[in-house]
Structure formats: C-alpha cells, structure tokens
Amino acid sequence: MERRGELRGADVVRHYGDPPGEWTAATESVAMRDRSHRVRLLLHGRAPASMLKGVVTGRMPDVLEALEPGVWQGRAEYSVVLTPKGRTLSDLRLMRRDASDDAEGPLVADVPRAGSDALRAHWARFLPPRMCAVEDVSAETGHLTVMGPDAAAVLARAVLGLRVDTERLEAMAEDDALQVDIGGAWPLTVVRSCEVSVSAWDLISDRESISVLIGTLEGASARIVGSGVWEALRLEAGRPAFGADLTEDHIPVEAGVHTRAIDYQKGCYTGQEVIVRIRDRGHVNRHLRRLVLGDAPVPPEGTPLFAAGSERSVGEITSAATSPRRGTLALGYVRREVEVPGPLHLGAPDGPEIRVEPLPDA
C-alpha cells in the first residue's frame with residue numbers, strides 16, 4: 001500500500017503503508033531506500049577527467065587501489081557545478097566506473113534529478129564530446145541506500161559475503177568508496193554517506209544487480225522505506241538537498257557546502273573568481289541554518305522568518321519535515337546578522353517562536 005508523490009522533480013515513494021514501522025527500522029535496526037530516481041551519467045572518451053577539472057569545483061577521483069582479489073578502494077568526490085557568477089547549477093558525486101588503472105578512464109556522476117537537466121545542458125556547451133562524452137545510464141543502473149545501526153553488519157554478511165568486514169565499512173569516512181566485483185554487468189560501488197543522521201551506505205550498480213540486492217536485503221530483515229523517513233533523517237543531519245535548500249539562486253558558501261565541495265588548491269574552474277573573492281575579501285549576506293520548530297505543523301517552502309520586534313522578514317524556509325524524535329525540523333536561509341543559536345518567529349512577527357541553529361557540520 002505504497003503512497004507516491006513528487007519530491008524535487010522526481011516521482012518517489014513517500015511511504016509503504018507503515019511510516020512508524022519504517023522509522024523504527026531505519027533508527028533501530030536496518031532499512032533501505034531505493035534512490036534510483038537520481039540520475040547517473042557515464043563520462044567517457046579520450047580525457048574525461050582532464051575535461052571535467054575545469055567545470056567542477058572539487059577533485060577528480062583517483063584510480064582505485066586494489067585491496068584483495070575483486071575488491072578495490074577509492075573515493076566518490078563531491079562537487080558542485082557553477083555558473084560564471086558562482087551560482088549552483090547542481091551538486092554531484094564523481095566516482096570511477098571500474099578498476100581501470102587509467103587516470104582518464106570512465107567516470108560516473110551521481111546527480112540529483114532536480115539538477116540533471118541544467119547540468120547536462122552546461123556540459124553540452126563546455127565538454128568536447130570526443131574528449132568527454134556524457135551518456136545517461138540511469139535506466140540501466142540503480143541506486144540503493146542501506147541505513148541504520150545494523151546496516152554495516154548486514155551489508156558485510158548478506159551483500160559483500162564477508163569479503164569486506166563490518167569494521168572496514170564502519171571505518172569508512174564520508175564519500176570513501178569500495179568497488180566489489182559481484183559478477184554483474186557493472187561492479188558494485190559502495191559509498192559511505194552522511195546525508196542522514198544514521199549510518200548509511202550507497203550501493204550503485206546495474207539495475208538487475210540492485211534488484212537482486214533488494215531481495216537479498218529483505219531476506220536479511222532490512223525494511224524498505226520511503227522519502228518521509230529519509231527527509232526526517234536528512235533534516236536531523238542538517239544536510240541541504242539540491243532543488244530545495246541549494247538551487248541556482250544560491251552560492252555554495254551560503255549553503256555551507258563549500259568545505260566539502262570546493263578544492264581551493266585546484267586550478268581554474270567556472271565560477272572560481274566569485275568563490276575566491278568571498279573567501280579572501282568578502283562575505284555572504286545569508287546562510288543556510290537548521291530550524292527547530294517543536295510541535296509546529298510542517299510549514300510550506302517559502303514560509304518567512306522574523307526576528308523579535310521586526311516587521312521585516314530575515315529569512316525563509318526551504319524544506320521541512322517531522323522527526324518522531326526531534327519534532328518538526330526545517331532548513332532555511334537567514335540573514336547573516338541573525339544571532340545563532342537563537343530565537344526567530346515563524347510565518348509572522350508574532351508567529352510561534354522557533355530556534356535557529358548552525359548546520360551540524362558547518
């Protein structure tokens with residue numbers, strides 16, 4: 001009895017008929033969410049890494065390092081793609097397609113649905129197709145996130161056949177990646193995720209292999225969950241989502257993603273001048289913050305925020321959801337002069353008092 005809906009340009013399952021049970025699985029044992037609605041782009045040609053360096057803000061993923069037969073390790077590097085004025089076209093993660101030792105071997109971009117059209121249009125303008133062709137492989141691949149306190153143990157036992165043990169999975173830092181040969185059309189790429197407030201790993205492979213893994217994980221007592229649980233856990237973690245908290249109206253520094261997404265040591269890339277100028281000589285006028293709303297109903301996107309005694313809005317909500325353990329949470333932009341942590345009013349100068357906090361990893 002699944003309930004579907006639209007979320008940031010994608011058709012997703014909101015829940016599978018038992019939201020409380022899904023929440024319990026994700027926070028007390030192990031759960032999984034099918035995130036194949038995201039877009040996966042294969043980047044290949046004579047020199048995809050060299051071409052991409054100038055159009056993404058982050059690092060290129062290094063070639064994978066062999067750990068043991070059939071298992072390699074590396075990174076899925078987080079980046080954003082900017083306009084010349086420093087505005088964000090999309091965020092993404094870049095990872096190696098396979099274990100080739102060629103530095104110019106094929107790459108895979110994991111991209112939010114909301115940013116995929118603008119990103120592809122931008123790359124069509126700036127990437128020479130012979131040097132870096134862009135191929136949408138979303139239909140033939142899949143993306144599954146496994147999460148919860150028991151997720152590492154279940155992954156190690158049921159999915160990876162103990163070729164990668166629980167301790168190694170738990171020791172992975174954010175965006176650390178493992179690649180495992182599971183005999184499918186694509187290898188299985190396992191990436192440590194911190195997008196939610198529970199331990200989580202992303203699994204990316206061919207669509208058939210992901211379908212088999214869903215069945216395997218169900219047999220290991222993992223419960224499938226929808227976007228309702230995911231959004232609550234994402235807001236607990238204070239992570240912005242592209243298409244809501246991060247859009248073309250925002251600069252990465254405003255959204256607090258610059259510390260993860262921007263390699264300040266690299267050479268030129270589109271939008272670099274704006275980013276470096278802010279770092280060296282300026283500031284931004286607004287910042288993305290987490291908002292604790294208590295028992296207030298979930299407010300719609302764009303709900304204004306007010307400081308005490310002021311009739312002028314000092315910010316607005318960009319996304320919100322209810323967490324069973326923390327109440328209603330939101331992300332929103334507030335002006336830089338707003339004291340953090342501190343109180344604000346929701347919706348009107350005399351609206352309910354809420355609390356504004358910094359992003360947890362900002």
# chains A, B, ... in the order shown; residues from 1 in each chain; ligands from 1

$ select_by_dssp --residues "region 22-190 of chain A" --states "strand (DSSP E)" --output "number ranges by chain"
A: 31-34, 39-44, 65-68, 71-75, 77-82, 88-96, 107-111, 133-136, 141-147, 176-180, 188-190

$ atom_distance --atom1 "CA of Cys132 (chain A)" --atom2 "CA of Leu107 (chain A)"
9.8 Å

$ residues_around --residues "Trp72 (chain A)" --least-positions-apart "5" --cutoff "7 Å" --atoms "only C-alpha atoms" --output "PyMOL selection string"
chain A and resi 64-67+178-180

$ closest_residue --among "A:Pro299, A:Gly282, A:Gly183, A:Gly115" --to "Glu316 (chain A)" --atoms "only C-alpha atoms"
A:Pro299

$ select_by_dssp --residues "region 153-226 of chain A" --states "alpha helix (DSSP H)" --output "PyMOL selection string"
chain A and resi 153-154+166-171+207-219

$ write_last_selection --atoms "N, CA and C atoms" --output "CSV table (one decimal), in the first residue's frame"
chain,number,residue,atom,x,y,z
A,153,ALA,N,26.8,-4.4,9.5
A,153,ALA,CA,26.8,-5.8,9.7
A,153,ALA,C,26.0,-6.6,8.7
A,154,VAL,N,24.8,-6.0,8.3
A,154,VAL,CA,24.0,-6.7,7.3
A,154,VAL,C,24.7,-6.6,5.9
A,166,THR,N,32.6,-5.9,8.7
A,166,THR,CA,31.8,-4.8,9.3
A,166,THR,C,32.7,-3.7,9.8
A,167,GLU,N,33.9,-4.0,10.4
A,167,GLU,CA,34.8,-3.0,10.9
A,167,GLU,C,35.3,-2.1,9.8
A,168,ARG,N,35.6,-2.6,8.6
A,168,ARG,CA,36.1,-1.8,7.5
A,168,ARG,C,35.0,-0.9,7.0
A,169,LEU,N,33.8,-1.3,6.9
A,169,LEU,CA,32.7,-0.5,6.5
A,169,LEU,C,32.5,0.7,7.5
A,170,GLU,N,32.5,0.3,8.8
A,170,GLU,CA,32.3,1.4,9.8
A,170,GLU,C,33.4,2.4,9.8
A,171,ALA,N,34.6,2.0,9.4
A,171,ALA,CA,35.7,2.9,9.4
A,171,ALA,C,35.8,3.8,8.2
A,207,ARG,N,21.1,-2.3,-12.9
A,207,ARG,CA,19.7,-2.3,-12.4
A,207,ARG,C,19.3,-3.8,-11.9
A,208,GLU,N,19.8,-4.8,-12.7
A,208,GLU,CA,19.4,-6.1,-12.3
A,208,GLU,C,20.1,-6.5,-11.0
A,209,SER,N,21.4,-6.1,-10.8
A,209,SER,CA,22.1,-6.4,-9.5
A,209,SER,C,21.4,-5.7,-8.4
A,210,ILE,N,21.0,-4.5,-8.5
A,210,ILE,CA,20.3,-3.7,-7.5
A,210,ILE,C,19.0,-4.4,-7.1
A,211,SER,N,18.3,-4.9,-8.1
A,211,SER,CA,17.0,-5.6,-7.8
A,211,SER,C,17.3,-6.9,-7.0
A,212,VAL,N,18.3,-7.6,-7.4
A,212,VAL,CA,18.7,-8.8,-6.6
A,212,VAL,C,19.1,-8.4,-5.2
A,213,LEU,N,19.9,-7.3,-5.0
A,213,LEU,CA,20.3,-6.9,-3.7
A,213,LEU,C,19.1,-6.5,-2.8
A,214,ILE,N,18.1,-5.9,-3.4
A,214,ILE,CA,16.9,-5.6,-2.6
A,214,ILE,C,16.3,-6.8,-2.0
A,215,GLY,N,16.2,-7.9,-2.8
A,215,GLY,CA,15.6,-9.1,-2.3
A,215,GLY,C,16.5,-9.8,-1.3
A,216,THR,N,17.8,-9.7,-1.5
A,216,THR,CA,18.8,-10.3,-0.5
A,216,THR,C,18.7,-9.5,0.8
A,217,LEU,N,18.6,-8.2,0.8
A,217,LEU,CA,18.5,-7.4,2.0
A,217,LEU,C,17.2,-7.7,2.7
A,218,GLU,N,16.1,-7.8,1.9
A,218,GLU,CA,14.8,-8.1,2.6
A,218,GLU,C,14.9,-9.4,3.3
A,219,GLY,N,15.6,-10.4,2.7
A,219,GLY,CA,15.8,-11.7,3.4
A,219,GLY,C,16.6,-11.6,4.6

$ closest_residue --among "A:Thr189, A:Ser36, A:Thr24, A:Ser310" --to "Leu94 (chain A)" --atoms "only C-alpha atoms"
A:Thr189

$ residues_around --residues "Thr303 (chain A)" --least-positions-apart "2" --cutoff "12 Å" --atoms "only C-alpha atoms" --output "JSON, numbers by chain"
{"A": [297, 298, 299, 300, 301, 305, 306, 313, 314, 315, 316, 317, 318, 319, 320, 330, 331, 332, 333, 334, 345, 346, 347, 348, 351]}

$ write_last_selection --atoms "N, CA and C atoms" --output "compact mmCIF listing (two decimals), in the first residue's frame"
# COMPACT_ATOMS: atom_id res chain seq x y z
N PRO A 297 3.18 22.61 12.99
CA PRO A 297 2.94 21.85 11.76
C PRO A 297 4.07 22.10 10.76
N VAL A 298 4.26 21.16 9.85
CA VAL A 298 5.29 21.32 8.82
C VAL A 298 4.94 22.52 7.94
N PRO A 299 5.79 23.55 7.89
CA PRO A 299 5.47 24.74 7.10
C PRO A 299 5.83 24.54 5.63
N PRO A 300 5.14 25.22 4.73
CA PRO A 300 5.48 25.10 3.32
C PRO A 300 6.77 25.84 2.98
N GLU A 301 7.39 25.43 1.88
CA GLU A 301 8.56 26.13 1.37
C GLU A 301 8.23 27.61 1.17
N LEU A 305 10.53 34.08 7.92
CA LEU A 305 11.04 34.05 9.29
C LEU A 305 11.27 35.48 9.74
N PHE A 306 11.00 35.75 11.03
CA PHE A 306 11.10 37.10 11.56
C PHE A 306 11.89 37.10 12.87
N SER A 313 11.03 40.47 7.19
CA SER A 313 11.48 39.09 7.18
C SER A 313 13.01 39.03 7.15
N VAL A 314 13.56 38.10 7.91
CA VAL A 314 15.01 37.90 7.92
C VAL A 314 15.40 36.56 7.28
N GLY A 315 14.44 35.88 6.68
CA GLY A 315 14.76 34.62 6.04
C GLY A 315 13.51 33.86 5.65
N GLU A 316 13.71 32.62 5.17
CA GLU A 316 12.58 31.79 4.76
C GLU A 316 12.94 30.32 4.82
N ILE A 317 11.90 29.50 4.95
CA ILE A 317 12.03 28.04 4.98
C ILE A 317 12.30 27.53 3.56
N THR A 318 13.21 26.54 3.45
CA THR A 318 13.43 25.90 2.16
C THR A 318 12.99 24.44 2.14
N SER A 319 13.03 23.74 3.27
CA SER A 319 12.48 22.39 3.35
C SER A 319 12.18 22.08 4.80
N ALA A 320 11.20 21.19 5.02
CA ALA A 320 10.79 20.87 6.39
C ALA A 320 10.17 19.48 6.44
N ALA A 330 13.44 22.00 10.07
CA ALA A 330 13.48 22.64 8.76
C ALA A 330 14.88 23.13 8.47
N LEU A 331 15.13 23.41 7.22
CA LEU A 331 16.29 24.19 6.80
C LEU A 331 15.76 25.47 6.18
N GLY A 332 16.53 26.54 6.32
CA GLY A 332 16.12 27.81 5.73
C GLY A 332 17.26 28.79 5.73
N TYR A 333 17.15 29.79 4.88
CA TYR A 333 18.17 30.84 4.81
C TYR A 333 17.77 31.99 5.74
N VAL A 334 18.75 32.46 6.49
CA VAL A 334 18.53 33.63 7.34
C VAL A 334 19.67 34.61 7.11
N HIS A 345 10.79 33.94 14.77
CA HIS A 345 9.34 33.70 14.73
C HIS A 345 8.95 33.20 13.36
N LEU A 346 8.06 32.22 13.35
CA LEU A 346 7.68 31.51 12.14
C LEU A 346 6.44 32.11 11.51
N GLY A 347 6.53 32.55 10.27
CA GLY A 347 5.37 32.93 9.48
C GLY A 347 4.92 34.36 9.64
N ALA A 348 5.18 34.98 10.79
CA ALA A 348 4.72 36.36 11.05
C ALA A 348 5.52 36.89 12.23
N GLY A 351 4.37 35.22 15.15
CA GLY A 351 4.17 33.79 14.97
C GLY A 351 4.86 32.97 16.04

$ atom_distance --atom1 "CA of Leu144 (chain A)" --atom2 "CA of Trp201 (chain A)"
8.4 Å

$ closest_residue --among "A:Leu188, A:Glu77, A:Val276, A:Val164" --to "Pro252 (chain A)" --atoms "only C-alpha atoms"
A:Val276

$ atom_distance --atom1 "CA of Val292 (chain A)" --atom2 "CA of Leu233 (chain A)"
13.7 Å

$ closest_residue --among "A:Val134, A:Val81, A:Ala177, A:Ala139" --to "Ala118 (chain A)" --atoms "only C-alpha atoms"
A:Val81

$ residues_around --residues "region 256-268 of chain A" --least-positions-apart "4" --cutoff "7 Å" --atoms "only C-alpha atoms" --output "PyMOL selection string"
chain A and resi 54+57-59+78-80+252+272+288+362

$ residues_around --residues "Arg96 (chain A)" --least-positions-apart "5" --cutoff "9 Å" --atoms "only C-alpha atoms" --output "CSV table (one decimal) with N, CA and C atoms, in the first residue's frame"
chain,number,residue,atom,x,y,z
A,61,PRO,N,38.3,11.9,-8.8
A,61,PRO,CA,38.6,10.7,-8.1
A,61,PRO,C,39.8,10.0,-8.6
A,62,ASP,N,40.7,9.6,-7.7
A,62,ASP,CA,41.9,8.9,-8.1
A,62,ASP,C,41.5,7.5,-8.6
A,63,VAL,N,42.4,6.8,-9.3
A,63,VAL,CA,42.2,5.4,-9.7
A,63,VAL,C,42.1,4.6,-8.5
A,64,LEU,N,41.3,3.5,-8.6
A,64,LEU,CA,41.1,2.7,-7.4
A,64,LEU,C,42.3,1.8,-7.1
A,74,GLY,N,38.6,3.6,-3.0
A,74,GLY,CA,38.8,4.9,-3.6
A,74,GLY,C,37.9,5.9,-3.0
A,75,ARG,N,37.5,6.9,-3.8
A,75,ARG,CA,36.7,8.0,-3.3
A,75,ARG,C,35.6,8.3,-4.3
A,76,ALA,N,34.4,8.7,-3.8
A,76,ALA,CA,33.4,9.4,-4.7
A,76,ALA,C,33.4,10.8,-4.3
A,105,GLY,N,40.3,7.0,-17.4
A,105,GLY,CA,39.2,6.0,-17.5
A,105,GLY,C,37.9,6.6,-17.3
A,106,PRO,N,36.8,5.9,-17.6
A,106,PRO,CA,35.4,6.4,-17.5
A,106,PRO,C,35.1,6.7,-16.0
A,107,LEU,N,34.2,7.7,-15.9
A,107,LEU,CA,33.7,8.2,-14.6
A,107,LEU,C,32.2,8.1,-14.6
A,108,VAL,N,31.6,8.0,-13.4
A,108,VAL,CA,30.2,8.1,-13.2
A,108,VAL,C,29.9,9.3,-12.3
A,109,ALA,N,28.9,10.1,-12.8
A,109,ALA,CA,28.4,11.2,-12.0
A,109,ALA,C,27.1,10.8,-11.4
A,179,GLN,N,34.8,-0.7,-4.3
A,179,GLN,CA,34.2,-1.3,-5.5
A,179,GLN,C,34.4,-2.8,-5.4
A,189,THR,N,29.5,-0.5,-6.5
A,189,THR,CA,30.2,0.6,-5.8
A,189,THR,C,29.5,0.9,-4.5

$ residues_around --residues "Arg130 (chain A)" --least-positions-apart "2" --cutoff "7 Å" --atoms "only C-alpha atoms" --output "PyMOL selection string"
chain A and resi 45-46+128+132-133

$ write_last_selection --atoms "C-alpha atoms" --output "short mmCIF file (atom, residue, chain, number, x, y, z; two decimals), in the first residue's frame"
data_model
loop_
_atom_site.label_atom_id
_atom_site.label_comp_id
_atom_site.auth_asym_id
_atom_site.auth_seq_id
_atom_site.Cartn_x
_atom_site.Cartn_y
_atom_site.Cartn_z
CA GLY A 45 36.21 9.50 -24.03
CA ARG A 46 39.86 10.41 -24.51
CA PRO A 128 34.16 18.42 -26.22
CA CYS A 132 34.40 13.68 -22.67
CA ALA A 133 31.13 12.20 -23.86
#

$ decode --residues "region 61-87 of chain A" --atoms "C-alpha atoms" --output "PDB file, in the first residue's frame"
ATOM      1  CA  PRO A  61      38.574  10.684  -8.072  1.00  0.00           C
ATOM      2  CA  ASP A  62      41.894   8.850  -8.145  1.00  0.00           C
ATOM      3  CA  VAL A  63      42.199   5.438  -9.742  1.00  0.00           C
ATOM      4  CA  LEU A  64      41.075   2.658  -7.439  1.00  0.00           C
ATOM      5  CA  GLU A  65      43.533   0.793  -5.252  1.00  0.00           C
ATOM      6  CA  ALA A  66      43.308  -2.994  -5.022  1.00  0.00           C
ATOM      7  CA  LEU A  67      42.617  -4.376  -1.542  1.00  0.00           C
ATOM      8  CA  GLU A  68      42.236  -8.036  -2.404  1.00  0.00           C
ATOM      9  CA  PRO A  69      41.000 -10.017  -5.413  1.00  0.00           C
ATOM     10  CA  GLY A  70      37.749  -8.457  -6.597  1.00  0.00           C
ATOM     11  CA  VAL A  71      37.779  -5.561  -4.103  1.00  0.00           C
ATOM     12  CA  TRP A  72      39.142  -2.036  -4.623  1.00  0.00           C
ATOM     13  CA  GLN A  73      39.007   1.207  -2.656  1.00  0.00           C
ATOM     14  CA  GLY A  74      38.845   4.879  -3.621  1.00  0.00           C
ATOM     15  CA  ARG A  75      36.671   7.958  -3.297  1.00  0.00           C
ATOM     16  CA  ALA A  76      33.406   9.354  -4.671  1.00  0.00           C
ATOM     17  CA  GLU A  77      34.350  13.043  -4.793  1.00  0.00           C
ATOM     18  CA  TYR A  78      31.619  15.598  -4.002  1.00  0.00           C
ATOM     19  CA  SER A  79      31.492  18.758  -6.161  1.00  0.00           C
ATOM     20  CA  VAL A  80      29.219  21.465  -7.433  1.00  0.00           C
ATOM     21  CA  VAL A  81      28.987  22.961 -10.908  1.00  0.00           C
ATOM     22  CA  LEU A  82      28.722  26.753 -11.020  1.00  0.00           C
ATOM     23  CA  THR A  83      27.716  29.496 -13.390  1.00  0.00           C
ATOM     24  CA  PRO A  84      30.313  32.239 -14.053  1.00  0.00           C
ATOM     25  CA  LYS A  85      28.570  34.247 -11.304  1.00  0.00           C
ATOM     26  CA  GLY A  86      29.090  31.473  -8.768  1.00  0.00           C
ATOM     27  CA  ARG A  87      25.508  30.214  -8.736  1.00  0.00           C
TER      28      ARG A  87
END
